[in-house]
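Note sheet for the following structure.
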Amino acid sequence: MEIDLLITPEWIITVDSGNQVLRHHTIAVDDSRIVGIMPTSEAEKRYIPRQIVALPQQALLPGLVNAHTHVAMSLLKGLADDLPLMDWLQHHIWPAEARWADAEFVYNGAQLAIAEMIRSGTTCFNDMYFFPEAAAQAADESGIRACIGMIIIDFPTRWGSGVEEYLQKGLALHDQLQEKPLLTTAFAPHAPYTVSDEPLHKVLHLACELDVPIHMHVHETAFEVQQAQAQTGLRPLTRLEQLGLLDKHFLAVHMTQLNDEDIALLATKGVHVIHCPESNLKLASGFCPVAKLTAAGINVALGTDGNASNNDLDMLGEMRTAALIAKAVAQDASAIPATQALRMATINGAKALGLDAKIGSLEVGKSADMIAVDLGTLESSPLYDPVSHLVYCTSREQVTHTWVAGKALMINRQLTTLDSATLIAKAHCWQQKIGETS
Ligand SMILES: [Zn+2]
């Protein structure tokens, strides 16, 4: 049978329901999908591939899903560090955004972030930012998969005058993206403290009508919860429940402040929690109780958050931090073992975005969104368990290949759809402009 591509790595880490790790197996890809996973000897007999890729040192695994980020913020990487969330936002990030965040900023920032993600094994990201049409354009041109956030915030920005205009522009973008198979949308109301009840009612109504997820920062810090309780008497999560927002289409990002009732509520409603451990650590926002959430049956996925609060978009690093911090928070070394950390970075992110029938694991019928990681290096030797190494001792430079829907976006560390030198030059231009005024 003629097909597009056969890939023979040393290991296939499937992240299927049984977490199978296969050796001496080959994966067959045709027309953007995985059409077969079988012993190499059998694949060689069965298929006539147009291309063969031998990866004798590599593990092939599903592409990583970055379930929460702000790609345009890559141009603010390292602009303001070592500050708590509100000081960082109000005195540094929001003023810089008010001055600089226009369509060109978002497009250039998105391209830079997408290149960083492709180079570190991310094949799908979930974004929240102004000028989402510029991020969508950058994603579309690069070939990466993305869920583009239709952002809602109570105050005016350079993108629009307020909620009505944001909704109108978001909906227009949603319509435009219907013909783009790799791009989906989600409503992205920024946070409980920046979006009032009326817009949230509208978001809920529209999200049901369009059948898209709602993606929101919630309970990021203790201050957020205390302030809301002082002003309204309600915890933000309780308010969102009363508004009817909490269900299996809701992605609650951060969730560092959770009591047992909150956890029971999230479990009952089927809410997805997006854990961003490095951003939470850097801004000293608090600790998400991941082991407790997982024990309650809640789907926990991983995100890097934006480059300004992390400061990288490295999902391998994020996965390691998540696995380590979960053990410290739970005071239990068996909390979030490597296999579970890998699921958080792949299939759980796909589930949160409603894309798990398509991506998140390597299985026949799914889209060929895959990465190859070199585990033959000195740093990875000896190797007793490839999943252990991926989580606990692999750096992003070991990612050698990245495919989305069967198309190679990186081959032997070389990007195929974006030009690194151009991106670095653009980043330097922005650095000069922004650096002069901050
Ligand atoms: Zn965020």
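Ordering of the structure tokens sets the chain letters (A, B, ...); residue numbers start at 1 within each chain; ligands are numbered from 1 in the order shown.
For ligand 1, the set of protein, DNA and RNA residues within 7 Å, based on only C-alpha atoms and all ligand atoms, reads His68, Thr69, His70, His217, Asp305 and Gly306 of chain A.
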Output N, CA and C atoms for every residue in the selection just made, as a short mmCIF file (atom, residue, chain, number, x, y, z; two decimals), in the first residue's frame.
```
data_model
loop_
_atom_site.label_atom_id
_atom_site.label_comp_id
_atom_site.auth_asym_id
_atom_site.auth_seq_id
_atom_site.Cartn_x
_atom_site.Cartn_y
_atom_site.Cartn_z
N HIS A 68 -1.98 26.61 28.13
CA HIS A 68 -2.23 28.02 28.48
C HIS A 68 -0.99 28.85 28.20
N THR A 69 -1.14 29.81 27.30
CA THR A 69 -0.03 30.73 27.05
C THR A 69 -0.56 32.05 26.48
N HIS A 70 0.37 32.98 26.33
CA HIS A 70 0.07 34.28 25.71
C HIS A 70 1.23 34.51 24.75
N HIS A 217 -8.22 32.63 33.61
CA HIS A 217 -7.39 32.57 34.82
C HIS A 217 -8.34 32.59 36.02
N ASP A 305 2.12 29.37 30.60
CA ASP A 305 1.78 30.78 30.73
C ASP A 305 2.66 31.55 29.74
N GLY A 306 2.63 32.87 29.78
CA GLY A 306 3.37 33.64 28.78
C GLY A 306 4.86 33.72 29.11
#
```
*From a DSSP pass on the backbone, collect the residues of range 7-256 of chain A flagged as strand (DSSP E or B) and hand them back as number ranges by chain.*
A: 7-13, 21-23, 25-30, 33-39, 48-62, 64-69, 122-127, 145-152, 157, 160, 183-189, 214-218, 250-254
Please produce a file of the residues just selected, as a compact mmCIF listing (two decimals), in the first residue's frame, where the atoms kept are C-alpha atoms.
```txt
# COMPACT_ATOMS: atom_id res chain seq x y z
CA ILE A 7 9.04 6.48 10.81
CA THR A 8 11.12 3.95 12.71
CA PRO A 9 12.33 5.28 16.04
CA GLU A 10 13.98 3.34 18.86
CA TRP A 11 10.91 3.77 21.06
CA ILE A 12 7.29 4.75 20.40
CA ILE A 13 5.83 6.27 23.54
CA VAL A 21 5.98 2.01 25.11
CA LEU A 22 6.92 0.03 21.99
CA ARG A 23 10.34 -1.00 20.68
CA HIS A 25 7.96 -0.69 15.94
CA THR A 26 7.21 1.64 13.05
CA ILE A 27 4.56 4.28 12.63
CA ALA A 28 2.85 4.76 9.25
CA VAL A 29 1.44 8.15 8.25
CA ASP A 30 -0.76 8.97 5.30
CA ARG A 33 -3.06 10.75 9.93
CA ILE A 34 -1.49 7.78 11.68
CA VAL A 35 -2.62 4.76 9.66
CA GLY A 36 -0.58 2.03 11.36
CA ILE A 37 1.66 1.26 14.34
CA MET A 38 3.22 -2.19 14.06
CA PRO A 39 6.44 -4.21 14.30
CA ILE A 48 5.41 1.47 0.05
CA PRO A 49 6.27 4.81 1.65
CA ARG A 50 7.09 7.98 -0.28
CA GLN A 51 9.44 8.88 2.57
CA ILE A 52 11.26 6.87 5.25
CA VAL A 53 12.66 8.45 8.42
CA ALA A 54 14.97 6.30 10.55
CA LEU A 55 15.45 7.62 14.07
CA PRO A 56 17.71 5.03 15.72
CA GLN A 57 18.41 7.08 18.87
CA GLN A 58 15.05 8.72 19.28
CA ALA A 59 11.81 8.27 21.11
CA LEU A 60 8.73 9.25 19.12
CA LEU A 61 5.88 10.63 21.22
CA PRO A 62 2.77 12.75 20.80
CA LEU A 64 3.22 18.41 23.66
CA VAL A 65 0.09 20.49 24.26
CA ASN A 66 0.70 23.85 25.91
CA ALA A 67 -2.74 24.42 27.39
CA HIS A 68 -2.23 28.02 28.48
CA THR A 69 -0.03 30.73 27.05
CA THR A 122 5.03 21.67 21.39
CA THR A 123 2.61 20.99 18.54
CA CYS A 124 -0.51 22.67 19.93
CA PHE A 125 -1.03 25.75 22.10
CA ASN A 126 -3.99 27.44 23.71
CA ASP A 127 -3.64 31.22 23.55
CA ARG A 145 -2.01 23.63 15.77
CA ALA A 146 -3.62 26.23 18.02
CA CYS A 147 -6.70 27.17 19.94
CA ILE A 148 -7.02 30.94 19.59
CA GLY A 149 -8.64 32.74 22.52
CA MET A 150 -11.40 35.25 21.90
CA ILE A 151 -10.34 37.51 24.74
CA ILE A 152 -12.79 39.46 26.89
CA THR A 157 -7.23 48.33 24.94
CA GLY A 160 -10.97 47.55 21.04
CA LEU A 183 -7.10 26.28 14.27
CA THR A 184 -9.93 26.27 16.78
CA THR A 185 -11.20 28.94 19.15
CA ALA A 186 -12.15 29.33 22.79
CA PHE A 187 -13.66 32.24 24.67
CA ALA A 188 -11.00 33.71 26.90
CA PRO A 189 -12.46 36.01 29.55
CA ILE A 214 -14.13 28.88 27.93
CA HIS A 215 -10.58 29.53 29.09
CA MET A 216 -9.97 31.80 32.11
CA HIS A 217 -7.39 32.57 34.82
CA VAL A 218 -9.07 31.63 38.14
CA PHE A 250 -14.46 25.30 31.25
CA LEU A 251 -10.66 25.51 31.58
CA ALA A 252 -9.64 27.03 34.92
CA VAL A 253 -6.05 28.23 34.71
CA HIS A 254 -3.73 28.34 37.77
```
*Give me the residues within 9 Å of range 345-350 of chain A as a ChimeraX atom specification, counting only C-alpha atoms and dropping any in the same chain fewer than 4 places off.*
/A:15-16,62-67,124,272,274,299-303,315-316,318-319,340-341,354-361
Would you write out, as CSV, a table of all residues in range 139-188 of chain A that have an atom no more than 12 Å from an atom of range 107-112 of chain A, listing for each the closest atom pair and the distance in Å to one decimal, considering only C-alpha atoms and ordering rows by chain and rising residue number?
```
residue,atom,partner,partner_atom,distance
A:Ala139,CA,A:Gln111,CA,7.4
A:Asp140,CA,A:Gln111,CA,10.2
A:Glu141,CA,A:Gln111,CA,9.1
A:Ser142,CA,A:Gln111,CA,7.7
A:Gly143,CA,A:Gln111,CA,11.1
A:Ile144,CA,A:Gln111,CA,10.5
A:Ala146,CA,A:Ala110,CA,11.3
A:Ile148,CA,A:Ala110,CA,11.4
```
Go ahead and dump the residues you just picked, C-alpha atoms, as a short mmCIF file (atom, residue, chain, number, x, y, z; two decimals), in the first residue's frame.
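Saved file again_16.cif follows:
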```cif
data_model
loop_
_atom_site.label_atom_id
_atom_site.label_comp_id
_atom_site.auth_asym_id
_atom_site.auth_seq_id
_atom_site.Cartn_x
_atom_site.Cartn_y
_atom_site.Cartn_z
CA ALA A 139 -0.02 30.03 13.69
CA ASP A 140 -1.62 29.34 10.32
CA GLU A 141 1.52 30.32 8.39
CA SER A 142 3.76 28.22 10.68
CA GLY A 143 1.70 25.02 10.44
CA ILE A 144 1.34 24.59 14.23
CA ALA A 146 -3.62 26.23 18.02
CA ILE A 148 -7.02 30.94 19.59
#
```
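For the choices A:Leu423, A:Ala405, A:Leu204, A:Val373, the atom-to-atom distance to Gly121 in chain A is smallest for A:Val373 when using only C-alpha atoms.
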*Nearby residues (only C-alpha atoms) at most 12 Å from range 225-227 of chain A, same-chain spacing under 5 positions excluded, as a list in words*: Ala191, Pro192, Tyr193, Val218, His219, Glu220, Thr232, Gly233, Leu234, Arg235, Pro236, Leu237, Thr238, Arg239, Met255, Thr256, Gln257, Leu258, Asn259 and Ser285 of chain A
_Residues within 12 Å of Asp312 in chain A, only C-alpha atoms, excluding chain neighbours under 2 positions, as a PyMOL selection string_ = chain A and resi 66+69-71+73-78+112-117+119-120+276+278-279+282+303-310+314-318+396
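Closest approach to Arg158 in chain A among A:Asp332, A:Asp262, A:Glu2, A:Asp102: A:Asp102, based on only C-alpha atoms.
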Shell of 9 Å around His201 in chain A, only C-alpha atoms, local chain residues under 6 positions omitted, as a PDB file with C-alpha atoms, in the first residue's frame:
```
ATOM      1  CA  LEU A 243     -23.201  32.273  36.743  1.00  0.00           C
ATOM      2  CA  GLY A 244     -23.414  28.733  35.310  1.00  0.00           C
ATOM      3  CA  LEU A 245     -19.949  28.727  33.747  1.00  0.00           C
TER       4      LEU A 245
END
```
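Here the question is which of A:Asp369, A:Asp211, A:Asp419, A:Asp385 gets nearest to Ser32 in chain A using only C-alpha atoms, and that residue is A:Asp369.
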*asked:* Let me make sure I understand: among A:Ile434, A:Leu293, A:Ala222, A:Met128, which one has the smallest atom-to-atom distance to Ile93 in chain A if we use only C-alpha atoms?
replied: A:Ile434
_Non-local contacts of Leu83 in chain A (9 Å; only C-alpha atoms; under 3 positions in same chain excluded) as a count of residues only_ = 7
*Could you tell me, as a PyMOL selection string, which residues of range 84-250 of chain A DSSP assigns to alpha helix (DSSP H) when given the backbone?*
chain A and resi 85-88+94-100+103-119+132-142+163-176+197-210+222-232+236-242
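Take the candidates A:His428, A:His249, A:Arg99, A:Lys292 and check each one against Ala352 in chain A using only C-alpha atoms; the shortest distance goes to A:His249.
The residue that comes closest to Leu409 in chain A, out of A:Ala136, A:Leu375, A:Met370, A:Ala322 and on the basis of only C-alpha atoms, is A:Met370.
Computed from the coordinates, the CA of Gln178 in chain A to CA of Phe131 in chain A distance equals 17.8 Å.
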